[in-house]
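Since the structure comes first, as structure tokens, the remarks are kept for the end.
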Amino acid sequence: MTRDDFLRRLRAGLRGLPAADIDNIIADYQAHFAEGAAAGRGEAEIAAALGDPERVVRELRAEAGLKRWEAERNPSAAASAVFAVLGLGAIDVLILLPILLSVGGTLFGFFIAAVACFAAGAVMFAAGPFVVIGAPVAALLLSGLGLMAAAASVAAVATLVTIGLINALVWYGRLHMRLLKPALGQEEISA
Amino acid sequence: MVEAVQVQLKKGVLELCVLALLSRGDAYAYEIAGRLAKGIEMGEGTVYPLMRRMQADGLVDTYLVESSAGPSRKYYKLTAVGRASFAAQKTEWSAFSAAVNDILGGAQ
């Protein structure tokens with residue numbers, strides 16, 4: 001692999017990251033090739049020692065995804081963190097996916113239940129005194145409020161569990177980041 | 001099996017090794033990569049993602065130095081946070097490796 005091949009594959013893999021980050025990363029590897037050439041090494045030798053550009057890309061992208069989740073706790077950042085970890089191949093997707101889906105489904109169910117409960121509470125609170133005749137107004141108001149409060153706390157707990165789950169996944173991904181896999185001895189290098 | 005163990009072991013101490021190298025003096029990435037590749041046989045390409053992460057974590061900082069031949073070099077130096085992290089990790093590593101050696105020695 002030549003210097004230009006390596007840099008082209010690197011750049012292709014990094015597409016979608018902020019332009020300034022891509023430029024910085026490419027500049028790092030350009031400098032590496034320049035230093036290597038100054039030390040009398042050939043392009044192919046330097047590229048082989050650097051390792052597979054796609055592997056470097058996976059690590060850089062994974063790190064970018066995890067960083068985003070740490071910086072901004074929102075659903076889109078959570079999705080990118082999960083995909084980054086999966087992209088690393090750190091977790092066996094076949095094992096993880098059913099677990100993630102069932103846990104995710106359960107959490108989703110809790111959210112839906114919380115929303116429905118909240119709506120029921122709101123209706124009881126607002127419309128109850130007019131619709132149900134004969135019942136004490138204060139009791140209707142209070143049970144409406146109570147339902148809404150219970151729904152809000154279920155939603156809060158489900159949110160906390162979701163955040164905890166994604167944090168655990170990020171931790172697991174970090175643990176398994178294969179930063180050190182020796183560059184040589186990988187099948188793609190010989191190609 | 002042996003190879004997998006080695007990869008796991010190296011992964012855990014890579015950051016510590018970079019902190020240790022930089023604690024002896026500022027260096028540019030090519031030097032760090034060469035030093036680590038020779039010492040613990042890691043791919044040179046992986047030093048760059050690692051350095052980016054350490055910089056994002058505030059452990060290291062960079063500055064440019066004009067070079068007489070070729071473009072200017074980006075040097076890495078430890079920050080105060082990086083020095084503190086190195087001291088803490090080094091202590092932890094020493095205690096851990098002593099304990100492991102103790103157990104390994106007892107197994108023979």
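Ordering of the structure tokens sets the chain letters (A, B, ...), residue numbers begin anew at 1 in every chain, and ligands are numbered from 1 in the order given.
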
Quick one: which residues from chain B are at most 6 Å off chain A, using only C-alpha atoms, as a PDB file with C-alpha atoms, in the first residue's frame?
ATOM      1  CA  LYS B  11      -4.445  -2.455  25.846  1.00  0.00           C
ATOM      2  CA  TYR B  30       6.359   9.611  15.422  1.00  0.00           C
ATOM      3  CA  MET B  42       1.824  -2.267  18.939  1.00  0.00           C
ATOM      4  CA  GLY B  43       0.671  -0.952  15.585  1.00  0.00           C
ATOM      5  CA  GLU B  44       2.119   2.512  14.979  1.00  0.00           C
ATOM      6  CA  GLY B  45      -1.178   3.724  13.518  1.00  0.00           C
ATOM      7  CA  THR B  46      -3.040   3.286  16.782  1.00  0.00           C
ATOM      8  CA  PRO B  49      -6.344   7.751  17.981  1.00  0.00           C
TER       9      PRO B  49
END

Step one, run DSSP on the backbone; step two, keep only residues of chain B assigned to helix (DSSP H, G or I); then write them as a ChimeraX atom specification. /B:2-23,29-40,44-56,80-107

May I ask for the distance between CA of Asp61 in chain B and CA of Glu54 in chain A, given in Å to one decimal place?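 About the pair CA of Asp61 in chain B and CA of Glu54 in chain A: they are 26.5 Å apart.
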
Atomic distance CA of Leu66 in chain A - CA of Ala168 in chain A, expressed in Å with one decimal: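 Separating CA of Leu66 in chain A from CA of Ala168 in chain A is a distance of 11.6 Å.
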
Could you please write out, as an NGL selection string, every residue of chain B that DSSP assigns to strand (DSSP E)? :B and (27-28 or 60-65 or 73-78)

Please write the residues from the selection above to a file, keeping N, CA and C atoms, as a PDB file, in the first residue's frame.
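As written to disk, result-v2.pdb reads:
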ATOM      1  N   ALA B  27       7.562  14.875  23.425  1.00  0.00           N
ATOM      2  CA  ALA B  27       7.908  14.084  22.247  1.00  0.00           C
ATOM      3  C   ALA B  27       6.878  14.318  21.160  1.00  0.00           C
ATOM      4  N   TYR B  28       7.267  14.040  19.907  1.00  0.00           N
ATOM      5  CA  TYR B  28       6.280  14.103  18.838  1.00  0.00           C
ATOM      6  C   TYR B  28       5.782  12.697  18.547  1.00  0.00           C
ATOM      7  N   VAL B  60      -2.865  15.475  27.859  1.00  0.00           N
ATOM      8  CA  VAL B  60      -1.707  16.008  27.135  1.00  0.00           C
ATOM      9  C   VAL B  60      -2.121  17.273  26.373  1.00  0.00           C
ATOM     10  N   ASP B  61      -1.091  18.043  26.022  1.00  0.00           N
ATOM     11  CA  ASP B  61      -1.294  19.265  25.259  1.00  0.00           C
ATOM     12  C   ASP B  61      -0.293  19.258  24.110  1.00  0.00           C
ATOM     13  N   THR B  62      -0.563  20.036  23.062  1.00  0.00           N
ATOM     14  CA  THR B  62       0.377  20.034  21.942  1.00  0.00           C
ATOM     15  C   THR B  62       0.919  21.431  21.694  1.00  0.00           C
ATOM     16  N   TYR B  63       2.109  21.470  21.092  1.00  0.00           N
ATOM     17  CA  TYR B  63       2.644  22.739  20.605  1.00  0.00           C
ATOM     18  C   TYR B  63       3.519  22.442  19.391  1.00  0.00           C
ATOM     19  N   LEU B  64       3.641  23.417  18.505  1.00  0.00           N
ATOM     20  CA  LEU B  64       4.396  23.212  17.269  1.00  0.00           C
ATOM     21  C   LEU B  64       5.822  23.724  17.425  1.00  0.00           C
ATOM     22  N   VAL B  65       6.761  22.965  16.862  1.00  0.00           N
ATOM     23  CA  VAL B  65       8.158  23.379  16.874  1.00  0.00           C
ATOM     24  C   VAL B  65       8.643  23.407  15.439  1.00  0.00           C
ATOM     25  N   ARG B  73       6.990  20.311  13.642  1.00  0.00           N
ATOM     26  CA  ARG B  73       6.545  19.094  14.322  1.00  0.00           C
ATOM     27  C   ARG B  73       5.583  19.424  15.446  1.00  0.00           C
ATOM     28  N   LYS B  74       4.593  18.546  15.604  1.00  0.00           N
ATOM     29  CA  LYS B  74       3.636  18.717  16.709  1.00  0.00           C
ATOM     30  C   LYS B  74       4.147  17.923  17.910  1.00  0.00           C
ATOM     31  N   TYR B  75       4.533  18.640  18.958  1.00  0.00           N
ATOM     32  CA  TYR B  75       5.024  17.984  20.170  1.00  0.00           C
ATOM     33  C   TYR B  75       3.902  17.818  21.177  1.00  0.00           C
ATOM     34  N   TYR B  76       3.986  16.724  21.917  1.00  0.00           N
ATOM     35  CA  TYR B  76       3.025  16.476  23.002  1.00  0.00           C
ATOM     36  C   TYR B  76       3.735  16.672  24.331  1.00  0.00           C
ATOM     37  N   LYS B  77       3.036  17.308  25.274  1.00  0.00           N
ATOM     38  CA  LYS B  77       3.578  17.412  26.642  1.00  0.00           C
ATOM     39  C   LYS B  77       2.467  17.108  27.633  1.00  0.00           C
ATOM     40  N   LEU B  78       2.876  16.653  28.813  1.00  0.00           N
ATOM     41  CA  LEU B  78       1.903  16.334  29.853  1.00  0.00           C
ATOM     42  C   LEU B  78       1.307  17.622  30.424  1.00  0.00           C
TER      43      LEU B  78
END

When you look at range 82-84 of chain B with a cut-off of 8 Å (counting only C-alpha atoms), what residues show up, excluding the ones that are within fewer than 5 positions of it in the same chain? I need them as a ChimeraX atom specification. /B:19,23,58-60

Write out as a PDB file with N, CA and C atoms, in the first residue's frame each polymer residue whose atoms come within 12 Å of Ala149 in chain A, counting only C-alpha atoms; drop sequence neighbours fewer than 2 positions from it.
ATOM      1  N   ALA A 114     -46.411   5.056  31.068  1.00  0.00           N
ATOM      2  CA  ALA A 114     -46.326   6.290  31.839  1.00  0.00           C
ATOM      3  C   ALA A 114     -47.126   7.400  31.165  1.00  0.00           C
ATOM      4  N   VAL A 115     -46.987   7.483  29.823  1.00  0.00           N
ATOM      5  CA  VAL A 115     -47.723   8.518  29.089  1.00  0.00           C
ATOM      6  C   VAL A 115     -49.233   8.307  29.247  1.00  0.00           C
ATOM      7  N   CYS A 117     -50.883   6.682  31.608  1.00  0.00           N
ATOM      8  CA  CYS A 117     -51.244   6.943  32.998  1.00  0.00           C
ATOM      9  C   CYS A 117     -51.390   8.445  33.240  1.00  0.00           C
ATOM     10  N   PHE A 118     -50.404   9.185  32.701  1.00  0.00           N
ATOM     11  CA  PHE A 118     -50.391  10.633  32.879  1.00  0.00           C
ATOM     12  C   PHE A 118     -51.649  11.243  32.249  1.00  0.00           C
ATOM     13  N   ALA A 119     -51.966  10.755  31.039  1.00  0.00           N
ATOM     14  CA  ALA A 119     -53.152  11.273  30.338  1.00  0.00           C
ATOM     15  C   ALA A 119     -54.406  10.962  31.148  1.00  0.00           C
ATOM     16  N   ALA A 120     -54.496   9.728  31.671  1.00  0.00           N
ATOM     17  CA  ALA A 120     -55.668   9.346  32.455  1.00  0.00           C
ATOM     18  C   ALA A 120     -55.799  10.247  33.682  1.00  0.00           C
ATOM     19  N   GLY A 121     -54.663  10.490  34.332  1.00  0.00           N
ATOM     20  CA  GLY A 121     -54.658  11.355  35.516  1.00  0.00           C
ATOM     21  C   GLY A 121     -55.125  12.756  35.169  1.00  0.00           C
ATOM     22  N   ALA A 122     -54.645  13.244  34.027  1.00  0.00           N
ATOM     23  CA  ALA A 122     -54.991  14.604  33.610  1.00  0.00           C
ATOM     24  C   ALA A 122     -56.488  14.716  33.345  1.00  0.00           C
ATOM     25  N   PHE A 125     -58.342  14.674  36.547  1.00  0.00           N
ATOM     26  CA  PHE A 125     -58.141  15.936  37.255  1.00  0.00           C
ATOM     27  C   PHE A 125     -59.005  17.060  36.658  1.00  0.00           C
ATOM     28  N   LEU A 142     -57.499  14.990  43.689  1.00  0.00           N
ATOM     29  CA  LEU A 142     -56.300  14.412  44.306  1.00  0.00           C
ATOM     30  C   LEU A 142     -55.880  13.130  43.610  1.00  0.00           C
ATOM     31  N   SER A 143     -56.857  12.254  43.255  1.00  0.00           N
ATOM     32  CA  SER A 143     -56.423  11.022  42.601  1.00  0.00           C
ATOM     33  C   SER A 143     -55.915  11.317  41.202  1.00  0.00           C
ATOM     34  N   GLY A 144     -56.450  12.336  40.530  1.00  0.00           N
ATOM     35  CA  GLY A 144     -55.909  12.747  39.236  1.00  0.00           C
ATOM     36  C   GLY A 144     -54.460  13.176  39.376  1.00  0.00           C
ATOM     37  N   LEU A 145     -54.215  14.017  40.355  1.00  0.00           N
ATOM     38  CA  LEU A 145     -52.838  14.476  40.613  1.00  0.00           C
ATOM     39  C   LEU A 145     -51.925  13.294  40.924  1.00  0.00           C
ATOM     40  N   GLY A 146     -52.426  12.386  41.749  1.00  0.00           N
ATOM     41  CA  GLY A 146     -51.632  11.229  42.153  1.00  0.00           C
ATOM     42  C   GLY A 146     -51.230  10.376  40.962  1.00  0.00           C
ATOM     43  N   LEU A 147     -52.188  10.140  40.060  1.00  0.00           N
ATOM     44  CA  LEU A 147     -51.885   9.351  38.869  1.00  0.00           C
ATOM     45  C   LEU A 147     -50.792  10.011  38.032  1.00  0.00           C
ATOM     46  N   ALA A 151     -47.112   8.527  37.163  1.00  0.00           N
ATOM     47  CA  ALA A 151     -46.660   8.373  35.777  1.00  0.00           C
ATOM     48  C   ALA A 151     -45.323   9.073  35.571  1.00  0.00           C
ATOM     49  N   ALA A 152     -45.194  10.282  36.133  1.00  0.00           N
ATOM     50  CA  ALA A 152     -43.947  11.030  35.966  1.00  0.00           C
ATOM     51  C   ALA A 152     -42.796  10.278  36.617  1.00  0.00           C
ATOM     52  N   SER A 153     -43.035   9.657  37.769  1.00  0.00           N
ATOM     53  CA  SER A 153     -41.907   8.983  38.408  1.00  0.00           C
ATOM     54  C   SER A 153     -41.531   7.707  37.662  1.00  0.00           C
ATOM     55  N   VAL A 154     -42.525   7.002  37.087  1.00  0.00           N
ATOM     56  CA  VAL A 154     -42.187   5.830  36.272  1.00  0.00           C
ATOM     57  C   VAL A 154     -41.324   6.259  35.086  1.00  0.00           C
ATOM     58  N   ALA A 155     -41.730   7.348  34.439  1.00  0.00           N
ATOM     59  CA  ALA A 155     -40.963   7.834  33.282  1.00  0.00           C
ATOM     60  C   ALA A 155     -39.550   8.216  33.704  1.00  0.00           C
ATOM     61  N   ALA A 156     -39.422   8.853  34.871  1.00  0.00           N
ATOM     62  CA  ALA A 156     -38.100   9.277  35.343  1.00  0.00           C
ATOM     63  C   ALA A 156     -37.211   8.063  35.595  1.00  0.00           C
TER      64      ALA A 156
END

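Every protein or nucleic acid residue with an atom no more than 10 Å from Ile32 in chain B, counting only C-alpha atoms and leaving out same-chain residues fewer than 4 positions away, appears here: Cys17, Val18, Leu21, Leu22, Asp26, Ala27, Tyr28, Leu36, Ala37, Lys38, Glu44, Val47, Tyr48, Met51 and Tyr76 of chain B.
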
For C-alpha atoms, I'd like the residues from the last selection saved as a CSV table (one decimal), in the first residue's frame.
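In the end it all went to again-v4.csv:
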chain,number,residue,atom,x,y,z
B,17,CYS,CA,3.2,3.8,28.7
B,18,VAL,CA,2.5,7.1,26.8
B,21,LEU,CA,7.3,8.4,28.0
B,22,LEU,CA,6.0,12.0,28.1
B,26,ASP,CA,8.1,16.1,25.4
B,27,ALA,CA,7.9,14.1,22.2
B,28,TYR,CA,6.3,14.1,18.8
B,36,LEU,CA,5.8,1.9,21.7
B,37,ALA,CA,6.1,-0.3,18.5
B,38,LYS,CA,9.6,-1.4,19.5
B,44,GLU,CA,2.1,2.5,15.0
B,47,VAL,CA,-1.0,5.9,18.6
B,48,TYR,CA,-2.8,8.7,16.8
B,51,MET,CA,-3.2,10.7,21.4
B,76,TYR,CA,3.0,16.5,23.0
